[in-house]
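Visitor: Sharing a structure, written as structure tokens. Questions coming.
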Amino acid sequence: IFSLFLIFLMIEFAGLTGSAIAKSPDEKEYRQRVSKRITGKSVGVEDIPIITLHGKQLVSIGNIFSLIAPPGTGKSNIGEGISSSAENEYCDTFGFKVNLPEGKKVLLCDTERTNNDCIKGFNRIIRRTETDPAEMKDGEFEKIIFLSFIASESFDESRKDIEDIVESGEVGLLILDGIGDFIASVNEEETTKELVRWLIVLSNKYGLGVMVTIHPNPKDPSYKPTGHLGSFLLKKSESVMVVCKADNNTRLITTNFEHGKVRNAHDVLETAIEWNDAHRMFMTADITLAKNKNEKGKKIDELMKKIFTLKPHYIYGDLLEIIKKEKGCKDTAANSMITQALELNIIKEHRNTYSLNDMDSDDEVPF
């Protein structure tokens with residue numbers, strides 16, 4: 001009986017001990033849990049402004065800068081220009097500057113353009129930064145890693161490629177040119193939240209800043225970024241800017257619109273770019289002229305929308321006459337307004353019939 005009693009005690013003791021061990025946190029799990037606590041002894045990373053515009057902070061480590069750009073406004077060229085600042089701080093980068101931590105690089109990821117167009121973009125960076133190709137080690141930039149995801153077979157593959165490079169510790173700024181191409185639908189709430197959360201975790205875990213580009217909703221004059229993805233980015237971004245087409249060659253880049261913001265600097269930051277045939281790329285433009293062109297374009301846009309609510313299509317002569325009647329102007333001024341409306345893609349012409357441009361095309365500028 002005594003032996004049976006001892007065996008019973010041993011079994012009970014083993015059970016209690018086993019339970020205690022099962023409930024005790026693993027040491028690694030415990031460290032991870034404790035490290036998430038913010039206390040008076042917590043040490044943060046240095047708050048480095050990774051991208052600035054005219055010296056004002058747009059994005060810092062652990063944060064996102066969102067650039068909203070309608071199709072055909074040259075957003076990829078802007079991403080290339082910003083990246084170029086890391087390679088050569090003295091070249092024309094539209095007033096943007098990249099300030100990387102020591103030993104870090106820009107990871108520029110393109111999801112939309114063909115490989116040939118990406119090669120053209122790569123060569124534009126060479127020209128912009130005045131880099132000698134003969135001095136490039138293995139044909140790569142010193143401070144820029146350029147990736148094309150046009151041939152990626154899955155979203156997971158694209159993310160894994162990015163994670164592998166970021167985890168190496170060499171990235172200080174991640175630029176995703178076309179964030180909408182990292183998920184199947186920009187309108188699926190849970191996956192869009194997960195995507196943005198993935199970027200926030202990456203940027204905080206590995207100490208880098210993030211810039212993304214995204215299209216606005218078609219025909220939306222407020223330039224709200226598309227889908228649930230756009231809505232979530234507006235909430236989570238440190239800064240939000242938009243690219244406005246001032247005329248056929250000029251773009252205004254500004255925070256001065258309904259969804260614009262700069263959390264850690266002035267509310268209104270802006271710059272302007274203009275296509276330069278001699279350099280075969282966008283260069284910094286006169287901001288005052290660009291703003292004037294943009295305001296003029298807004299007025300023409302309002303006029304055309306008013307006219308085309310009366311009738312969806314006009315032949316040239318009828319369109320000319322109704323503009324003259326609305327504005328009280330002569331043929332020359334009315335002709336000029338039609339020309340500008342065509343250049344700004346506000347209206348389109350097909351076999352001498354004019355209608356509003358639906359702006360649903362995803363075609364990028366061919367530069």
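Residue numbering restarts at 1 for every chain of the structure tokens, chains are lettered A, B, ... in their displayed order, and ligands are numbered from 1 as they appear.
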Can you check which residues of stretch 215-357 of chain A DSSP gives as alpha helix (DSSP H) on the backbone and send them as number ranges by chain?
Guide: A: 227-236, 287-310, 316-327, 331-343
Visitor: Within 7 Å of A:Gly172, counting only C-alpha atoms, which residues show up once you throw out same-chain ones fewer than 5 positions away? Write them as a ChimeraX atom specification, please.
Guide: /A:100-101,104-106,207-209
Visitor: Restricting it to C-alpha atoms, dump the selection as a CSV table (one decimal), in the first residue's frame.
Guide:
```
chain,number,residue,atom,x,y,z
A,100,LEU,CA,20.3,57.5,-45.8
A,101,PRO,CA,21.9,56.1,-42.6
A,104,LYS,CA,22.4,52.0,-46.5
A,105,LYS,CA,20.9,52.0,-50.0
A,106,VAL,CA,17.6,52.8,-51.8
A,207,GLY,CA,15.0,50.9,-39.6
A,208,LEU,CA,14.0,52.3,-43.0
A,209,GLY,CA,11.6,54.7,-44.6
```
Visitor: With only C-alpha atoms as the basis for distance, which of A:Val242, A:Val186, A:Met281, A:Ile287 is at the shortest distance from A:Ala69?
Guide: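 Counting only C-alpha atoms, the residue closest to A:Ala69 is A:Val242.
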Visitor: Show me, as a ChimeraX atom specification, the residues that have an atom within 8 Å of A:Ser239 when counting only C-alpha atoms, minus same-chain residues fewer than 3 positions from it.
Guide: /A:58-59,64-66,260-263
Visitor: Stretch 197-271 of chain A near stretch 160-171 of chain A within 12 Å: what's each residue's closest atom pair and its distance in Å to one decimal, counting only C-alpha atoms, ordered by chain then ascending residue number, as a Markdown table?
Guide:
```
| residue | atom | partner | partner_atom | distance |
| --- | --- | --- | --- | --- |
| A:Trp198 | CA | A:Glu163 | CA | 10.1 |
| A:Leu199 | CA | A:Glu163 | CA | 10.2 |
| A:Val201 | CA | A:Glu163 | CA | 11.1 |
| A:Leu202 | CA | A:Val166 | CA | 7.9 |
| A:Ser203 | CA | A:Val166 | CA | 9.1 |
| A:Asn204 | CA | A:Val166 | CA | 11.5 |
| A:Lys205 | CA | A:Glu167 | CA | 9.3 |
| A:Tyr206 | CA | A:Gly169 | CA | 6.9 |
| A:Gly207 | CA | A:Val171 | CA | 8.5 |
| A:Leu208 | CA | A:Val171 | CA | 6.7 |
| A:Gly209 | CA | A:Val171 | CA | 9.0 |
| A:Val210 | CA | A:Val171 | CA | 10.3 |
```
Visitor: Based on DSSP run over this structure's backbone, return all residues of stretch 160-245 of chain A in strand (DSSP E or B), as a list in words.
Guide: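 Filtering stretch 160-245 of chain A to strand (DSSP E or B) leaves Val171, Gly172, Leu173, Leu174, Ile175, Leu176, Asp177, Gly209, Val210, Met211, Val212, Thr213, Ile214, Pro216, Pro225, Ser239, Val240, Met241, Val242, Val243, Cys244 and Lys245 of chain A.
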Visitor: How would the residues just chosen look if you wrote them out with N, CA, C and O atoms as a PDB file, in the first residue's frame?
Guide:
```
ATOM      1  N   VAL A 171      19.215  48.246 -46.647  1.00  0.00           N
ATOM      2  CA  VAL A 171      18.214  49.169 -47.191  1.00  0.00           C
ATOM      3  C   VAL A 171      17.847  50.246 -46.175  1.00  0.00           C
ATOM      4  O   VAL A 171      17.516  49.948 -45.030  1.00  0.00           O
ATOM      5  N   GLY A 172      17.900  51.509 -46.616  1.00  0.00           N
ATOM      6  CA  GLY A 172      17.492  52.631 -45.771  1.00  0.00           C
ATOM      7  C   GLY A 172      16.219  53.279 -46.255  1.00  0.00           C
ATOM      8  O   GLY A 172      15.531  53.966 -45.506  1.00  0.00           O
ATOM      9  N   LEU A 173      15.907  53.084 -47.556  1.00  0.00           N
ATOM     10  CA  LEU A 173      14.678  53.619 -48.135  1.00  0.00           C
ATOM     11  C   LEU A 173      14.121  52.602 -49.127  1.00  0.00           C
ATOM     12  O   LEU A 173      14.820  52.182 -50.053  1.00  0.00           O
ATOM     13  N   LEU A 174      12.866  52.210 -48.921  1.00  0.00           N
ATOM     14  CA  LEU A 174      12.173  51.294 -49.819  1.00  0.00           C
ATOM     15  C   LEU A 174      11.138  52.083 -50.618  1.00  0.00           C
ATOM     16  O   LEU A 174      10.267  52.735 -50.034  1.00  0.00           O
ATOM     17  N   ILE A 175      11.241  52.055 -51.955  1.00  0.00           N
ATOM     18  CA  ILE A 175      10.281  52.730 -52.818  1.00  0.00           C
ATOM     19  C   ILE A 175       9.516  51.677 -53.609  1.00  0.00           C
ATOM     20  O   ILE A 175      10.112  50.896 -54.363  1.00  0.00           O
ATOM     21  N   LEU A 176       8.195  51.631 -53.428  1.00  0.00           N
ATOM     22  CA  LEU A 176       7.342  50.721 -54.190  1.00  0.00           C
ATOM     23  C   LEU A 176       6.574  51.550 -55.212  1.00  0.00           C
ATOM     24  O   LEU A 176       5.619  52.251 -54.869  1.00  0.00           O
ATOM     25  N   ASP A 177       7.004  51.489 -56.461  1.00  0.00           N
ATOM     26  CA  ASP A 177       6.340  52.233 -57.531  1.00  0.00           C
ATOM     27  C   ASP A 177       5.198  51.388 -58.073  1.00  0.00           C
ATOM     28  O   ASP A 177       5.383  50.562 -58.953  1.00  0.00           O
ATOM     29  N   GLY A 209      12.811  53.991 -44.175  1.00  0.00           N
ATOM     30  CA  GLY A 209      11.641  54.748 -44.583  1.00  0.00           C
ATOM     31  C   GLY A 209      11.025  54.098 -45.811  1.00  0.00           C
ATOM     32  O   GLY A 209      11.705  53.377 -46.543  1.00  0.00           O
ATOM     33  N   VAL A 210       9.733  54.351 -46.039  1.00  0.00           N
ATOM     34  CA  VAL A 210       9.019  53.749 -47.170  1.00  0.00           C
ATOM     35  C   VAL A 210       8.321  54.837 -47.977  1.00  0.00           C
ATOM     36  O   VAL A 210       7.704  55.743 -47.413  1.00  0.00           O
ATOM     37  N   MET A 211       8.428  54.738 -49.300  1.00  0.00           N
ATOM     38  CA  MET A 211       7.662  55.589 -50.203  1.00  0.00           C
ATOM     39  C   MET A 211       6.877  54.688 -51.142  1.00  0.00           C
ATOM     40  O   MET A 211       7.411  53.709 -51.659  1.00  0.00           O
ATOM     41  N   VAL A 212       5.594  55.005 -51.344  1.00  0.00           N
ATOM     42  CA  VAL A 212       4.774  54.229 -52.278  1.00  0.00           C
ATOM     43  C   VAL A 212       4.086  55.180 -53.252  1.00  0.00           C
ATOM     44  O   VAL A 212       3.823  56.342 -52.935  1.00  0.00           O
ATOM     45  N   THR A 213       3.797  54.684 -54.461  1.00  0.00           N
ATOM     46  CA  THR A 213       2.974  55.435 -55.407  1.00  0.00           C
ATOM     47  C   THR A 213       1.671  54.672 -55.624  1.00  0.00           C
ATOM     48  O   THR A 213       1.635  53.438 -55.574  1.00  0.00           O
ATOM     49  N   ILE A 214       0.598  55.428 -55.856  1.00  0.00           N
ATOM     50  CA  ILE A 214      -0.718  54.822 -56.046  1.00  0.00           C
ATOM     51  C   ILE A 214      -1.555  55.745 -56.927  1.00  0.00           C
ATOM     52  O   ILE A 214      -1.407  56.971 -56.879  1.00  0.00           O
ATOM     53  N   PRO A 216      -5.098  57.594 -58.175  1.00  0.00           N
ATOM     54  CA  PRO A 216      -6.343  58.034 -57.547  1.00  0.00           C
ATOM     55  C   PRO A 216      -7.534  57.310 -58.170  1.00  0.00           C
ATOM     56  O   PRO A 216      -7.401  56.652 -59.210  1.00  0.00           O
ATOM     57  N   PRO A 225      -6.858  58.439 -53.201  1.00  0.00           N
ATOM     58  CA  PRO A 225      -6.202  57.225 -53.699  1.00  0.00           C
ATOM     59  C   PRO A 225      -7.169  56.049 -53.757  1.00  0.00           C
ATOM     60  O   PRO A 225      -8.090  55.939 -52.950  1.00  0.00           O
ATOM     61  N   SER A 239       3.243  61.418 -44.711  1.00  0.00           N
ATOM     62  CA  SER A 239       3.009  62.503 -45.665  1.00  0.00           C
ATOM     63  C   SER A 239       2.274  61.962 -46.885  1.00  0.00           C
ATOM     64  O   SER A 239       2.452  60.802 -47.262  1.00  0.00           O
ATOM     65  N   VAL A 240       1.455  62.825 -47.499  1.00  0.00           N
ATOM     66  CA  VAL A 240       0.709  62.468 -48.707  1.00  0.00           C
ATOM     67  C   VAL A 240       0.785  63.630 -49.687  1.00  0.00           C
ATOM     68  O   VAL A 240       0.448  64.764 -49.336  1.00  0.00           O
ATOM     69  N   MET A 241       1.240  63.348 -50.910  1.00  0.00           N
ATOM     70  CA  MET A 241       1.316  64.366 -51.954  1.00  0.00           C
ATOM     71  C   MET A 241       0.598  63.864 -53.206  1.00  0.00           C
ATOM     72  O   MET A 241       0.352  62.666 -53.352  1.00  0.00           O
ATOM     73  N   VAL A 242       0.278  64.785 -54.117  1.00  0.00           N
ATOM     74  CA  VAL A 242      -0.362  64.421 -55.376  1.00  0.00           C
ATOM     75  C   VAL A 242       0.417  65.034 -56.526  1.00  0.00           C
ATOM     76  O   VAL A 242       1.047  66.090 -56.382  1.00  0.00           O
ATOM     77  N   VAL A 243       0.402  64.348 -57.669  1.00  0.00           N
ATOM     78  CA  VAL A 243       1.001  64.870 -58.900  1.00  0.00           C
ATOM     79  C   VAL A 243      -0.131  65.380 -59.789  1.00  0.00           C
ATOM     80  O   VAL A 243      -1.005  64.604 -60.181  1.00  0.00           O
ATOM     81  N   CYS A 244      -0.133  66.670 -60.090  1.00  0.00           N
ATOM     82  CA  CYS A 244      -1.162  67.282 -60.937  1.00  0.00           C
ATOM     83  C   CYS A 244      -0.550  67.632 -62.289  1.00  0.00           C
ATOM     84  O   CYS A 244       0.560  68.160 -62.353  1.00  0.00           O
ATOM     85  N   LYS A 245      -1.284  67.344 -63.345  1.00  0.00           N
ATOM     86  CA  LYS A 245      -0.823  67.659 -64.694  1.00  0.00           C
ATOM     87  C   LYS A 245      -1.180  69.110 -65.007  1.00  0.00           C
ATOM     88  O   LYS A 245      -2.328  69.427 -65.313  1.00  0.00           O
TER      89      LYS A 245
END
```
